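Pasted below: target.txt, compact mmCIF, C-alpha atoms.
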```
# COMPACT_ATOMS: atom_id res chain seq x y z
CA MET H 214 0.00 0.00 0.00
CA ASP H 215 1.53 3.34 -1.00
CA ILE H 216 1.48 6.58 0.98
CA GLN H 217 -1.28 8.14 -1.11
CA LYS H 218 -3.65 5.21 -0.46
CA VAL H 219 -2.98 5.44 3.27
CA ILE H 220 -3.60 9.19 3.30
CA ALA H 221 -6.83 8.60 1.37
CA LEU H 222 -7.94 6.03 3.99
CA ILE H 223 -7.15 8.51 6.74
CA GLU H 224 -9.24 11.20 5.08
CA THR H 225 -12.13 8.93 4.10
CA ASN H 226 -12.44 7.45 7.59
CA ASN H 227 -11.83 10.71 9.46
CA VAL H 228 -8.83 9.17 11.23
CA GLU H 229 -7.38 11.51 13.86
CA PHE H 230 -4.94 9.14 15.54
CA VAL H 231 -2.60 6.44 14.27
CA ARG H 232 -1.25 3.81 16.63
CA ILE H 233 2.32 2.82 15.75
CA GLU H 234 2.54 -0.73 17.07
CA LEU H 235 5.12 -3.47 17.62
CA CYS H 236 4.99 -6.97 19.03
CA ASP H 237 7.35 -7.54 21.97
CA MET H 238 9.03 -10.80 22.98
CA TYR H 239 5.94 -11.92 24.90
CA GLY H 240 3.63 -11.24 21.96
CA ILE H 241 2.26 -8.16 23.72
CA SER H 242 1.35 -5.07 21.73
CA ARG H 243 3.45 -1.97 22.55
CA SER H 244 2.67 1.30 20.81
CA LYS H 245 2.78 5.05 20.47
CA ILE H 246 -0.11 7.18 19.24
CA VAL H 247 0.62 9.78 16.58
CA PRO H 248 -1.88 12.47 15.54
CA ALA H 249 -2.82 11.75 11.93
CA ARG H 250 -1.50 15.10 10.74
CA HIS H 251 2.03 13.98 11.73
CA PHE H 252 1.77 10.47 10.31
CA PRO H 253 3.19 11.30 6.83
CA LYS H 254 6.40 12.40 8.54
CA THR H 255 6.45 9.17 10.55
CA ILE H 256 6.14 7.18 7.34
CA THR H 257 9.25 8.74 5.84
CA ALA H 258 11.42 9.26 8.94
CA GLY H 259 10.19 6.65 11.40
CA THR H 260 9.89 7.44 15.09
CA ALA H 261 11.92 6.74 18.21
CA PHE H 262 10.93 3.85 20.47
CA SER H 263 12.78 2.33 23.41
CA LEU H 264 15.14 -0.42 22.29
CA GLY H 265 14.33 -2.06 25.59
CA ALA H 266 10.83 -2.91 24.34
CA PHE H 267 12.29 -6.23 23.18
CA ALA H 268 13.70 -6.84 26.67
CA TRP H 269 10.63 -6.05 28.76
CA ASP H 270 8.59 -8.62 30.61
CA PRO H 271 4.82 -8.01 30.80
CA VAL H 272 5.26 -5.39 33.56
CA CYS H 273 8.36 -3.74 32.03
CA SER H 274 10.86 -4.90 34.64
CA LEU H 275 14.42 -3.67 34.14
CA ILE H 276 16.13 -7.00 33.61
CA LYS H 277 19.91 -7.24 33.72
CA GLY H 278 21.93 -8.96 31.02
CA THR H 279 19.58 -8.65 28.05
CA GLY H 280 21.97 -6.56 25.94
CA LEU H 281 19.21 -4.03 25.25
CA LEU H 282 18.88 -2.06 28.49
CA GLU H 283 21.66 -0.90 30.81
CA GLU H 284 24.39 -2.12 28.42
CA VAL H 285 23.36 0.48 25.83
CA GLY H 286 22.25 3.22 28.21
CA TYR H 287 18.53 2.50 27.82
CA CYS H 288 18.66 4.04 24.34
CA ASP H 289 16.14 4.23 21.51
CA MET H 290 15.75 2.38 18.24
CA THR H 291 13.78 3.65 15.24
CA ILE H 292 10.51 2.04 14.20
CA HIS H 293 9.22 2.31 10.62
CA PRO H 294 5.55 1.79 9.66
CA ASP H 295 4.79 -1.11 7.32
CA LEU H 296 1.96 0.44 5.33
CA GLU H 297 0.64 -2.95 4.21
CA THR H 298 -0.54 -3.43 7.80
CA PHE H 299 -2.45 -0.13 8.06
CA ARG H 300 -5.96 -0.77 9.42
CA VAL H 301 -8.75 1.46 10.71
CA ILE H 302 -9.81 0.24 14.18
CA PRO H 303 -13.62 0.24 14.24
CA TRP H 304 -14.07 -0.08 18.02
CA LEU H 305 -11.93 3.00 18.76
CA GLU H 306 -12.83 6.58 17.96
CA ASN H 307 -11.25 7.84 14.72
CA THR H 308 -8.21 5.59 15.16
CA ALA H 309 -6.04 3.47 12.89
CA ARG H 310 -3.06 1.28 13.60
CA VAL H 311 0.02 0.19 11.68
CA LEU H 312 2.63 -2.44 12.50
CA VAL H 313 6.30 -1.59 12.29
CA ASP H 314 9.78 -2.82 11.47
CA SER H 315 12.61 -1.78 13.77
CA SER H 316 16.18 -0.65 13.20
CA PHE H 317 19.14 0.27 15.38
CA LYS H 318 22.15 2.08 13.94
CA GLY H 319 20.87 1.37 10.45
CA SER H 320 20.36 -2.40 10.81
CA PRO H 321 17.33 -4.49 11.76
CA VAL H 322 17.09 -5.20 15.49
CA ALA H 323 18.22 -8.81 15.92
CA GLN H 324 15.69 -9.39 18.71
CA ASP H 325 12.67 -8.13 16.74
CA PRO H 326 10.33 -11.15 16.38
CA ARG H 327 8.85 -9.78 13.15
CA HIS H 328 12.31 -9.45 11.60
CA ILE H 329 13.20 -13.00 12.66
CA ALA H 330 10.02 -14.45 11.13
CA ARG H 331 10.58 -12.55 7.87
CA ALA H 332 14.15 -13.88 7.60
CA GLN H 333 13.01 -17.50 7.92
CA LEU H 334 10.23 -17.01 5.38
CA GLU H 335 12.68 -15.47 2.93
CA LYS H 336 14.95 -18.49 3.32
CA LEU H 337 12.00 -20.79 2.69
CA GLU H 338 11.03 -18.82 -0.41
CA SER H 339 14.60 -19.05 -1.73
CA MET H 340 14.07 -22.82 -1.73
CA GLY H 341 10.92 -22.47 -3.85
CA PHE H 342 8.31 -22.80 -1.09
CA SER H 343 5.72 -20.47 0.37
CA LEU H 344 4.06 -20.99 3.74
CA PHE H 345 0.27 -20.89 4.09
CA SER H 346 -0.54 -20.77 7.79
CA ALA H 347 -2.78 -19.70 10.65
CA HIS H 348 -2.52 -19.63 14.44
CA GLU H 349 -5.46 -21.35 16.14
CA TYR H 350 -6.06 -19.68 19.52
CA GLU H 351 -7.93 -20.57 22.66
CA PHE H 352 -8.40 -17.96 25.40
CA TYR H 353 -10.24 -17.31 28.64
CA VAL H 354 -12.67 -14.45 29.28
CA ARG H 355 -13.66 -13.19 32.71
CA GLN H 356 -15.90 -10.44 34.05
CA LYS H 357 -14.77 -7.28 35.84
CA ASN H 358 -15.37 -8.87 39.23
CA GLY H 359 -12.93 -11.65 38.38
CA ASP H 360 -15.51 -14.36 37.76
CA MET H 361 -15.36 -16.25 34.48
CA ILE H 362 -18.12 -15.47 31.99
CA SER H 363 -19.45 -19.01 32.54
CA ASP H 364 -19.38 -21.16 35.65
CA PHE H 365 -19.17 -24.32 33.56
CA GLY H 366 -17.14 -25.50 30.60
CA GLY H 367 -17.76 -27.75 27.67
CA GLU H 368 -16.61 -27.93 24.11
CA SER H 369 -18.96 -26.45 21.52
CA LEU H 370 -21.81 -25.87 23.98
CA THR H 371 -24.56 -24.00 22.20
CA ILE H 372 -25.84 -22.47 25.43
CA THR H 373 -22.46 -20.80 26.01
CA SER H 374 -22.58 -19.20 22.57
CA THR H 375 -26.17 -18.12 23.16
CA GLU H 376 -25.53 -16.72 26.64
CA HIS H 377 -22.78 -14.46 25.31
CA SER H 378 -23.99 -13.96 21.76
CA SER H 379 -23.61 -10.15 21.89
CA MET H 380 -19.92 -10.50 22.73
CA VAL H 381 -19.39 -13.33 20.26
CA TYR H 382 -21.03 -11.50 17.37
CA LYS H 383 -19.19 -8.27 18.11
CA LEU H 384 -15.88 -10.14 18.12
CA ILE H 385 -16.64 -11.79 14.77
CA ARG H 386 -17.86 -8.57 13.17
CA GLU H 387 -15.03 -6.37 14.39
CA LEU H 388 -12.29 -8.90 13.69
CA THR H 389 -13.53 -9.19 10.13
CA ARG H 390 -13.37 -5.40 9.75
CA VAL H 391 -9.64 -5.38 10.61
CA GLY H 392 -8.83 -8.11 8.09
CA ILE H 393 -9.22 -11.26 10.21
CA ASP H 394 -11.40 -13.64 8.19
CA VAL H 395 -13.14 -15.52 11.01
CA GLU H 396 -14.19 -19.05 10.10
CA THR H 397 -15.62 -20.49 13.33
CA PHE H 398 -16.35 -19.78 16.98
CA HIS H 399 -17.04 -22.28 19.75
CA SER H 400 -16.69 -22.74 23.49
CA GLU H 401 -13.89 -24.90 24.88
CA ASP H 402 -13.51 -27.31 27.80
CA GLY H 403 -12.67 -24.75 30.47
CA ALA H 404 -15.28 -22.50 32.09
CA GLY H 405 -15.08 -19.22 30.19
CA GLN H 406 -12.68 -20.66 27.60
CA LEU H 407 -13.36 -19.86 23.95
CA GLU H 408 -11.83 -20.54 20.55
CA ILE H 409 -12.03 -18.53 17.34
CA THR H 410 -10.43 -19.77 14.13
CA PHE H 411 -9.62 -17.67 11.08
CA ARG H 412 -8.45 -18.20 7.53
CA PRO H 413 -4.76 -18.87 6.84
CA SER H 414 -2.59 -16.41 4.93
CA TYR H 415 0.69 -16.59 3.06
CA GLY H 416 4.02 -15.49 4.45
CA LEU H 417 4.43 -12.86 7.14
CA LYS H 418 0.80 -11.80 6.92
CA ALA H 419 -0.15 -14.93 8.88
CA ALA H 420 1.85 -13.81 11.92
CA ASP H 421 0.64 -10.22 11.49
CA ASN H 422 -2.92 -11.56 11.52
CA ALA H 423 -2.24 -13.56 14.68
CA HIS H 424 -0.83 -10.51 16.46
CA THR H 425 -3.79 -8.44 15.27
CA PHE H 426 -6.21 -11.15 16.42
CA LYS H 427 -4.85 -11.36 19.96
CA THR H 428 -4.66 -7.60 20.45
CA SER H 429 -8.11 -7.07 18.95
CA VAL H 430 -9.78 -9.75 21.07
CA LYS H 431 -8.37 -8.19 24.22
CA GLU H 432 -9.42 -4.67 23.22
CA ILE H 433 -12.91 -5.63 22.08
CA CYS H 434 -13.57 -7.63 25.24
CA GLN H 435 -12.19 -4.75 27.31
CA SER H 436 -14.63 -2.37 25.61
CA LEU H 437 -17.46 -4.65 26.74
CA GLY H 438 -16.27 -4.82 30.35
CA PHE H 439 -14.52 -8.21 30.09
CA THR H 440 -10.89 -9.32 30.32
CA ALA H 441 -9.68 -11.72 27.64
CA SER H 442 -6.47 -13.56 28.48
CA PHE H 443 -4.09 -15.62 26.38
CA MET H 444 -2.26 -16.85 29.48
CA SER H 445 -1.72 -20.51 28.70
CA LYS H 446 -2.45 -22.23 32.01
CA PRO H 447 -4.27 -19.76 34.28
CA PHE H 448 -5.95 -22.30 36.57
CA GLU H 449 -4.50 -25.34 38.29
CA GLY H 450 -6.27 -28.56 37.37
CA VAL H 451 -8.13 -26.92 34.48
CA VAL H 452 -7.36 -27.31 30.79
CA GLY H 453 -4.87 -24.81 29.38
CA SER H 454 -5.17 -22.68 26.25
CA SER H 455 -3.29 -23.60 23.10
CA CYS H 456 -2.17 -21.97 19.88
CA HIS H 457 -1.95 -24.75 17.34
CA PHE H 458 0.15 -23.69 14.37
CA CYS H 459 -1.60 -24.94 11.24
CA HIS H 460 0.46 -24.72 8.07
CA SER H 461 1.12 -26.14 4.64
CA LEU H 462 3.74 -25.76 1.91
CA TRP H 463 2.90 -24.29 -1.50
CA ASP H 464 4.70 -23.10 -4.60
CA LEU H 465 5.70 -19.45 -4.72
CA GLU H 466 2.53 -18.46 -6.57
CA GLY H 467 0.27 -20.26 -4.08
CA ARG H 468 -1.29 -22.37 -6.81
CA GLU H 469 0.07 -25.85 -6.13
CA SER H 470 0.32 -27.68 -2.81
CA LEU H 471 3.84 -28.95 -2.20
CA LEU H 472 2.70 -30.88 0.86
CA TYR H 473 -0.01 -33.12 -0.55
CA ASP H 474 0.80 -36.08 -2.80
CA GLU H 475 -2.06 -38.41 -3.70
CA SER H 476 0.22 -41.24 -4.83
CA SER H 477 2.62 -41.28 -1.88
CA LYS H 478 2.60 -42.86 1.52
CA TRP H 479 0.34 -41.00 3.99
CA LYS H 480 -0.68 -38.69 1.08
CA ILE H 481 2.17 -36.26 1.74
CA SER H 482 5.12 -35.38 -0.46
CA GLU H 483 8.74 -36.34 0.15
CA ASN H 484 9.51 -32.78 1.25
CA GLY H 485 6.46 -32.85 3.49
CA ARG H 486 7.79 -35.96 5.22
CA HIS H 487 11.19 -34.33 5.67
CA TRP H 488 9.50 -31.21 7.06
CA ILE H 489 7.60 -33.16 9.73
CA ALA H 490 10.77 -35.09 10.58
CA GLY H 491 12.54 -31.78 11.14
CA LEU H 492 9.79 -30.62 13.48
CA LEU H 493 10.14 -33.82 15.50
CA GLU H 494 13.95 -33.69 15.55
CA HIS H 495 13.95 -30.19 17.00
CA ALA H 496 10.76 -30.47 19.07
CA PRO H 497 12.44 -30.21 22.51
CA ALA H 498 14.35 -27.11 21.38
CA ILE H 499 11.50 -25.26 19.70
CA ALA H 500 9.32 -26.01 22.73
CA LEU H 501 10.79 -22.87 24.32
CA LEU H 502 9.32 -20.77 21.50
CA CYS H 503 6.10 -22.76 21.19
CA ALA H 504 5.48 -22.58 24.94
CA PRO H 505 7.77 -19.76 26.06
CA THR H 506 6.75 -18.83 29.60
CA ILE H 507 7.14 -20.59 32.92
CA ASN H 508 3.38 -20.98 32.81
CA CYS H 509 3.11 -22.19 29.20
CA VAL H 510 5.19 -25.34 29.65
CA ARG H 511 2.77 -26.55 32.31
CA ARG H 512 0.42 -27.46 29.44
CA PHE H 513 2.63 -30.40 28.48
CA GLN H 514 0.79 -32.97 30.59
CA PRO H 515 -0.70 -36.36 29.65
CA GLU H 516 -4.41 -36.70 28.87
CA THR H 517 -4.90 -32.95 28.38
CA PHE H 518 -4.88 -32.76 24.57
CA ALA H 519 -1.46 -31.14 24.85
CA PRO H 520 1.54 -33.17 23.65
CA VAL H 521 4.19 -34.67 25.91
CA ASN H 522 6.60 -36.14 23.34
CA ALA H 523 7.92 -35.67 19.81
CA THR H 524 5.36 -37.82 18.03
CA TRP H 525 3.20 -37.41 14.97
CA GLY H 526 0.01 -38.96 13.70
CA ILE H 527 -2.71 -38.64 11.10
CA ASP H 528 -5.64 -36.82 12.73
CA ASN H 529 -4.26 -37.80 16.14
CA ARG H 530 -4.79 -35.21 18.87
CA THR H 531 -2.45 -36.93 21.34
CA ALA H 532 0.62 -36.37 19.16
CA ALA H 533 2.74 -33.23 18.93
CA ILE H 534 2.31 -33.06 15.16
CA ARG H 535 -1.11 -33.83 13.70
CA LEU H 536 -1.46 -34.28 9.95
CA LYS H 537 -4.85 -33.47 8.47
CA VAL H 538 -5.30 -34.95 4.99
CA GLY H 539 -7.89 -33.15 2.87
CA GLY H 540 -6.81 -33.34 -0.74
CA SER H 541 -4.62 -30.88 -2.59
CA SER H 542 -6.26 -27.79 -1.09
CA GLY H 543 -7.02 -29.03 2.42
CA THR H 544 -4.00 -30.98 3.64
CA TYR H 545 -2.05 -29.29 6.42
CA ILE H 546 0.21 -29.85 9.42
CA GLU H 547 -0.95 -28.89 12.90
CA ASN H 548 1.82 -28.35 15.44
CA ARG H 549 0.01 -28.85 18.73
CA MET H 550 2.94 -27.69 20.88
CA GLY H 551 1.96 -24.04 20.60
CA ALA H 552 0.59 -22.33 23.71
CA SER H 553 -1.73 -19.33 23.59
CA GLY H 554 0.90 -17.29 25.44
CA SER H 555 3.42 -17.72 22.62
CA ASN H 556 4.71 -14.98 20.33
CA PRO H 557 3.12 -15.56 16.88
CA TYR H 558 6.23 -14.50 14.96
CA LEU H 559 8.64 -16.64 16.98
CA LEU H 560 6.26 -19.61 16.82
CA LEU H 561 6.18 -19.33 13.04
CA ALA H 562 9.95 -18.83 12.77
CA ALA H 563 10.72 -21.87 14.94
CA ASN H 564 8.48 -24.13 12.86
CA VAL H 565 9.95 -22.90 9.59
CA ALA H 566 13.54 -23.28 10.80
CA ALA H 567 12.95 -26.86 11.97
CA GLY H 568 11.03 -27.78 8.81
CA ILE H 569 13.72 -26.35 6.53
CA ASP H 570 16.37 -28.32 8.41
CA GLY H 571 14.39 -31.49 7.83
CA ILE H 572 14.22 -30.79 4.09
CA GLU H 573 17.86 -29.78 3.76
CA LYS H 574 19.08 -32.87 5.63
CA LYS H 575 16.45 -35.16 4.06
CA MET H 576 15.45 -36.43 7.50
CA ALA H 577 13.55 -39.69 7.51
CA LEU H 578 10.05 -39.76 8.99
CA ARG H 579 9.12 -42.70 11.17
CA GLU H 580 5.71 -44.35 11.18
CA PRO H 581 2.84 -42.27 12.55
CA MET H 582 1.19 -42.90 15.90
CA SER H 583 -2.13 -44.60 15.30
CA ASN H 584 -3.11 -44.72 18.99
CA SER H 585 -2.48 -42.68 22.14
CA ALA H 586 0.91 -41.00 22.41
CA TYR H 587 0.23 -40.64 26.15
CA ASN H 588 0.68 -44.39 26.62
CA SER H 589 4.43 -45.07 26.82
CA ASN H 590 3.87 -48.62 25.60
CA ASN H 591 2.71 -47.21 22.25
CA VAL H 592 5.57 -44.78 21.78
CA PRO H 593 8.65 -45.89 19.78
CA ASN H 594 11.96 -46.20 21.59
CA ASN H 595 14.20 -43.11 21.54
CA THR H 596 11.24 -40.77 21.13
CA LYS H 597 12.17 -37.40 22.60
CA SER H 598 10.14 -36.02 25.47
CA LEU H 599 8.95 -32.43 25.55
CA PRO H 600 10.19 -30.33 28.46
CA SER H 601 7.64 -29.81 31.22
CA LYS H 602 9.79 -27.29 33.10
CA LEU H 603 11.15 -23.97 31.88
CA THR H 604 14.69 -24.88 32.96
CA ASP H 605 14.60 -27.98 30.75
CA ALA H 606 13.15 -26.00 27.84
CA ILE H 607 15.95 -23.43 28.09
CA GLN H 608 18.57 -26.16 28.19
CA SER H 609 17.15 -27.90 25.11
CA PHE H 610 16.97 -24.61 23.22
CA VAL H 611 20.53 -23.43 23.87
CA ALA H 612 21.95 -26.90 23.20
CA ASP H 613 20.46 -27.07 19.69
CA ASP H 614 22.89 -25.81 17.04
CA LEU H 615 20.08 -24.96 14.64
CA MET H 616 18.53 -22.59 17.18
CA PHE H 617 21.81 -20.69 17.51
CA GLU H 618 22.20 -20.53 13.74
CA THR H 619 18.60 -19.40 13.23
CA PHE H 620 18.06 -16.92 16.03
CA GLY H 621 21.61 -15.73 16.69
CA ALA H 622 23.60 -14.94 19.82
CA ASP H 623 21.99 -11.54 20.43
CA PHE H 624 18.45 -12.89 20.38
CA ILE H 625 19.35 -15.89 22.54
CA LYS H 626 21.06 -13.66 25.13
CA THR H 627 17.98 -11.47 25.45
CA PHE H 628 15.42 -14.26 25.35
CA VAL H 629 17.19 -16.47 27.88
CA ALA H 630 17.67 -13.50 30.23
CA LEU H 631 13.89 -12.96 30.15
CA LYS H 632 13.26 -16.61 30.93
CA GLN H 633 15.77 -16.64 33.78
CA HIS H 634 14.03 -13.58 35.18
CA GLU H 635 10.77 -15.56 35.27
CA LEU H 636 12.53 -18.29 37.24
CA LYS H 637 13.76 -15.67 39.73
CA ARG H 638 10.22 -14.34 40.06
CA GLU H 639 9.03 -17.84 40.87
CA LEU H 640 11.65 -18.22 43.63
CA ASP H 641 10.68 -14.84 45.05
CA ALA H 642 6.98 -15.79 44.99
CA LYS H 643 7.71 -19.04 46.82
CA SER H 644 9.62 -17.17 49.53
CA LYS H 645 6.55 -14.94 50.03
CA GLY H 646 4.02 -17.76 50.05
CA LYS H 647 2.55 -16.71 46.69
CA GLU H 648 3.59 -19.75 44.69
CA LYS H 649 0.02 -20.55 43.59
CA THR H 650 -1.06 -17.04 42.60
CA TRP H 651 1.94 -15.14 41.23
CA GLU H 652 1.71 -16.45 37.67
CA ARG H 653 -1.91 -15.40 37.26
CA ASP H 654 -1.18 -12.01 38.84
CA PHE H 655 1.79 -11.57 36.47
CA PHE H 656 0.36 -12.88 33.19
CA PHE H 657 -3.43 -13.01 33.12
CA LYS H 658 -4.47 -9.44 32.40
CA ILE H 659 -1.63 -8.41 30.07
CA LEU H 660 -0.68 -11.55 28.14
```

Would you mind giving the structure from this file in structure tokens?
Amino acid sequence: MDIQKVIALIETNNVEFVRIELCDMYGISRSKIVPARHFPKTITAGTAFSLGAFAWDPVCSLIKGTGLLEEVGYCDMTIHPDLETFRVIPWLENTARVLVDSSFKGSPVAQDPRHIARAQLEKLESMGFSLFSAHEYEFYVRQKNGDMISDFGGESLTITSTEHSSMVYKLIRELTRVGIDVETFHSEDGAGQLEITFRPSYGLKAADNAHTFKTSVKEICQSLGFTASFMSKPFEGVVGSSCHFCHSLWDLEGRESLLYDESSKWKISENGRHWIAGLLEHAPAIALLCAPTINCVRRFQPETFAPVNATWGIDNRTAAIRLKVGGSSGTYIENRMGASGSNPYLLLAANVAAGIDGIEKKMALREPMSNSAYNSNNVPNNTKSLPSKLTDAIQSFVADDLMFETFGADFIKTFVALKQHELKRELDAKSKGKEKTWERDFFFKIL
């Protein structure tokens, strides 16, 4: 979208304010608001934004050792609007938003999740593939008084949809107006837990859509007096919220599926088999990006529809990787490791990096799981387990050479410092007798 089209949208929609928005490490929207009359200057020159935004936890703690805060004097970077992401926000008064790319001293910021995702997609495209993907989110909604919007749970309960139809319909309508093509809504197993799915997109737009979706759901619910949360495991003993990453491989024009193969075993192409093998090979390492918080990894428990090991199956919800076969246009891979508290750009980048490695090394794919992957007697020998503790997830991530090659030393330094800070918070909470409540206090409202 060129500058003139954006200016025309501003004038046509009487836009007075433009929100300049980035996605931080936790997948949280951070922004500045610019009066529309100054936005043309922002387009050409960018605007200053704290470099530390990529080193903040949800409450903006000043964390030592990230490489982005005290080491550089708490300085600024420059953020540049990506005009393709310009959207008018219908639930706010005369407001639009635009996503940004970041730079520091003339180069992209190595810790910027959007930059990292773009780099992996460009590598994939250089190999002749495009990625068609969508993030499938679950989330909880509670009322102002802290109670959940329902006192009972149940998947696809019609009475839940009916009870909250005004909220549901507003979400669907408003999401559609900001470019999120909603396909379905239904209730989930937890009390007050919902799921909305939307159409996949090619390339970086998929992650942009996921970021837009999460931010929009929170804002729309807030406007109605509710709090929507993408915290992955807010309640002990209750099902957590996931973000399954559904994706398929296509040619560069998006005309031919490079995943489906009618004549081959399991109906997937040779490169598709290598791709899944790559995901399984690196599953313990990418778990830190699929389930990146101390709370997220608690989802990896047996009999919860969250995976516990690096397995795959055809339409098997107990495995980490679920293949859905639906012909040339409907065959896709569902990575079930993703937690709702994940960063959509880093989740995408991790999957692409692991899949590319599988293709480049022609990794062999073992037989699929045809029964429960929770039963150890069914699982093949030498199957890797997924980490159920943040310490184990960090260790698996830093020990994987591909992760270092993909994400780089600067990113890893910052990201691991953030994770270690969470571990310190946990120790502090235990010492104060708040072990059971600190995570929800820390994550629920903001994440």

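Distance annotation: of H:His424, H:Arg327, H:His460, H:Lys643, the residue with the minimal separation from H:Ser555 is H:His424; atom set is all atoms listed in the file.
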
Can you work out which one of H:Ile220, H:Leu264, H:Cys459, H:Leu561 has the shortest atom-to-atom distance to H:Arg250, counting only C-alpha atoms? H:Ile220

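Considering only C-alpha atoms, the residue among H:Leu281, H:Lys427, H:Glu234, H:Leu407 positioned nearest to H:Ala323 is H:Leu281.
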
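Between H:Ile625 and the residues H:Ser274, H:Ser598, H:Thr279, H:Ser263, the shortest atom-to-atom distance, using only C-alpha atoms, involves H:Thr279.
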
Counting all atoms listed in the file, what is within 9 Å of H:Gly367, bar same-chain residues fewer than 6 positions away, as a PyMOL selection string? chain H and resi 373+400-404+406

H:Ser553 environment, 6 Å, all atoms listed in the file, sequence neighbours closer than 5 positions dropped, as a CSV table (one decimal) with C-alpha atoms, keeping the file's coordinate frame:
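Saved file selection-v4.csv follows:
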```
chain,number,residue,atom,x,y,z
H,350,TYR,CA,-6.1,-19.7,19.5
H,443,PHE,CA,-4.1,-15.6,26.4
H,445,SER,CA,-1.7,-20.5,28.7
H,454,SER,CA,-5.2,-22.7,26.2
H,455,SER,CA,-3.3,-23.6,23.1
H,456,CYS,CA,-2.2,-22.0,19.9
```

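Taking only C-alpha atoms, the non-local environment of H:Ala249 within 12 Å (same-chain residues fewer than 3 positions away omitted) comprises Val219, Ile220, Ala221, Leu222, Ile223, Glu224, Asn226, Asn227, Val228, Glu229, Phe230, Val231, Arg232, Ile233, Ile246, Phe252, Pro253, Lys254, Thr255, Ile256, Val301, Asn307, Thr308, Ala309, Arg310 and Val311 of chain H.
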
The selected residues should be written to file as an mmCIF file, in the frame of the given file (atoms: C-alpha atoms).
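What follows is the written file selection26.cif:
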```cif
data_model
loop_
_atom_site.group_PDB
_atom_site.id
_atom_site.type_symbol
_atom_site.label_atom_id
_atom_site.label_comp_id
_atom_site.auth_asym_id
_atom_site.auth_seq_id
_atom_site.Cartn_x
_atom_site.Cartn_y
_atom_site.Cartn_z
ATOM 1 C CA VAL H 219 -2.980 5.440 3.270
ATOM 2 C CA ILE H 220 -3.600 9.190 3.300
ATOM 3 C CA ALA H 221 -6.830 8.600 1.370
ATOM 4 C CA LEU H 222 -7.940 6.030 3.990
ATOM 5 C CA ILE H 223 -7.150 8.510 6.740
ATOM 6 C CA GLU H 224 -9.240 11.200 5.080
ATOM 7 C CA ASN H 226 -12.440 7.450 7.590
ATOM 8 C CA ASN H 227 -11.830 10.710 9.460
ATOM 9 C CA VAL H 228 -8.830 9.170 11.230
ATOM 10 C CA GLU H 229 -7.380 11.510 13.860
ATOM 11 C CA PHE H 230 -4.940 9.140 15.540
ATOM 12 C CA VAL H 231 -2.600 6.440 14.270
ATOM 13 C CA ARG H 232 -1.250 3.810 16.630
ATOM 14 C CA ILE H 233 2.320 2.820 15.750
ATOM 15 C CA ILE H 246 -0.110 7.180 19.240
ATOM 16 C CA PHE H 252 1.770 10.470 10.310
ATOM 17 C CA PRO H 253 3.190 11.300 6.830
ATOM 18 C CA LYS H 254 6.400 12.400 8.540
ATOM 19 C CA THR H 255 6.450 9.170 10.550
ATOM 20 C CA ILE H 256 6.140 7.180 7.340
ATOM 21 C CA VAL H 301 -8.750 1.460 10.710
ATOM 22 C CA ASN H 307 -11.250 7.840 14.720
ATOM 23 C CA THR H 308 -8.210 5.590 15.160
ATOM 24 C CA ALA H 309 -6.040 3.470 12.890
ATOM 25 C CA ARG H 310 -3.060 1.280 13.600
ATOM 26 C CA VAL H 311 0.020 0.190 11.680
#
```

Counting all atoms listed in the file, the residue among H:Gly450, H:Gly259, H:Gly568, H:Gly526 that lies closest to H:Val592 is H:Gly526

Any idea what's packed within 7 Å of H:Leu631, counting all atoms listed in the file, ignoring anything in its chain fewer than 4 positions away? Could you give it as a list of chain:residue names? H:Asp270, H:Thr627, H:Glu635

Which stretch 250-344 of chain H residues have any atom within 10 Å of an atom of stretch 468-474 of chain H, and for each, what is the nearest pair of atoms with distance in Å to one decimal, counting only C-alpha atoms, rows sorted by chain and number, as a tab-separated table?
```
residue	atom	partner	partner_atom	distance
H:Gly341	CA	H:Leu471	CA	9.7
H:Phe342	CA	H:Leu471	CA	7.7
H:Ser343	CA	H:Leu471	CA	9.1
H:Leu344	CA	H:Leu471	CA	9.9
```

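Residues lying within 7 Å of stretch 527-531 of chain H, counting all atoms listed in the file and ignoring same-chain neighbours fewer than 5 positions away, are Phe518, Ala519, Pro520, Leu536, Lys537, Pro581, Ser585, Ala586 and Tyr587 of chain H.
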
Top pick for closest residue to H:Ser374, considering H:Lys637, H:Lys357, H:Lys480, H:His399 and counting only C-alpha atoms: H:His399

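Going from atom CA of H:Ala504 to atom CA of H:His293 covers 29.0 Å.
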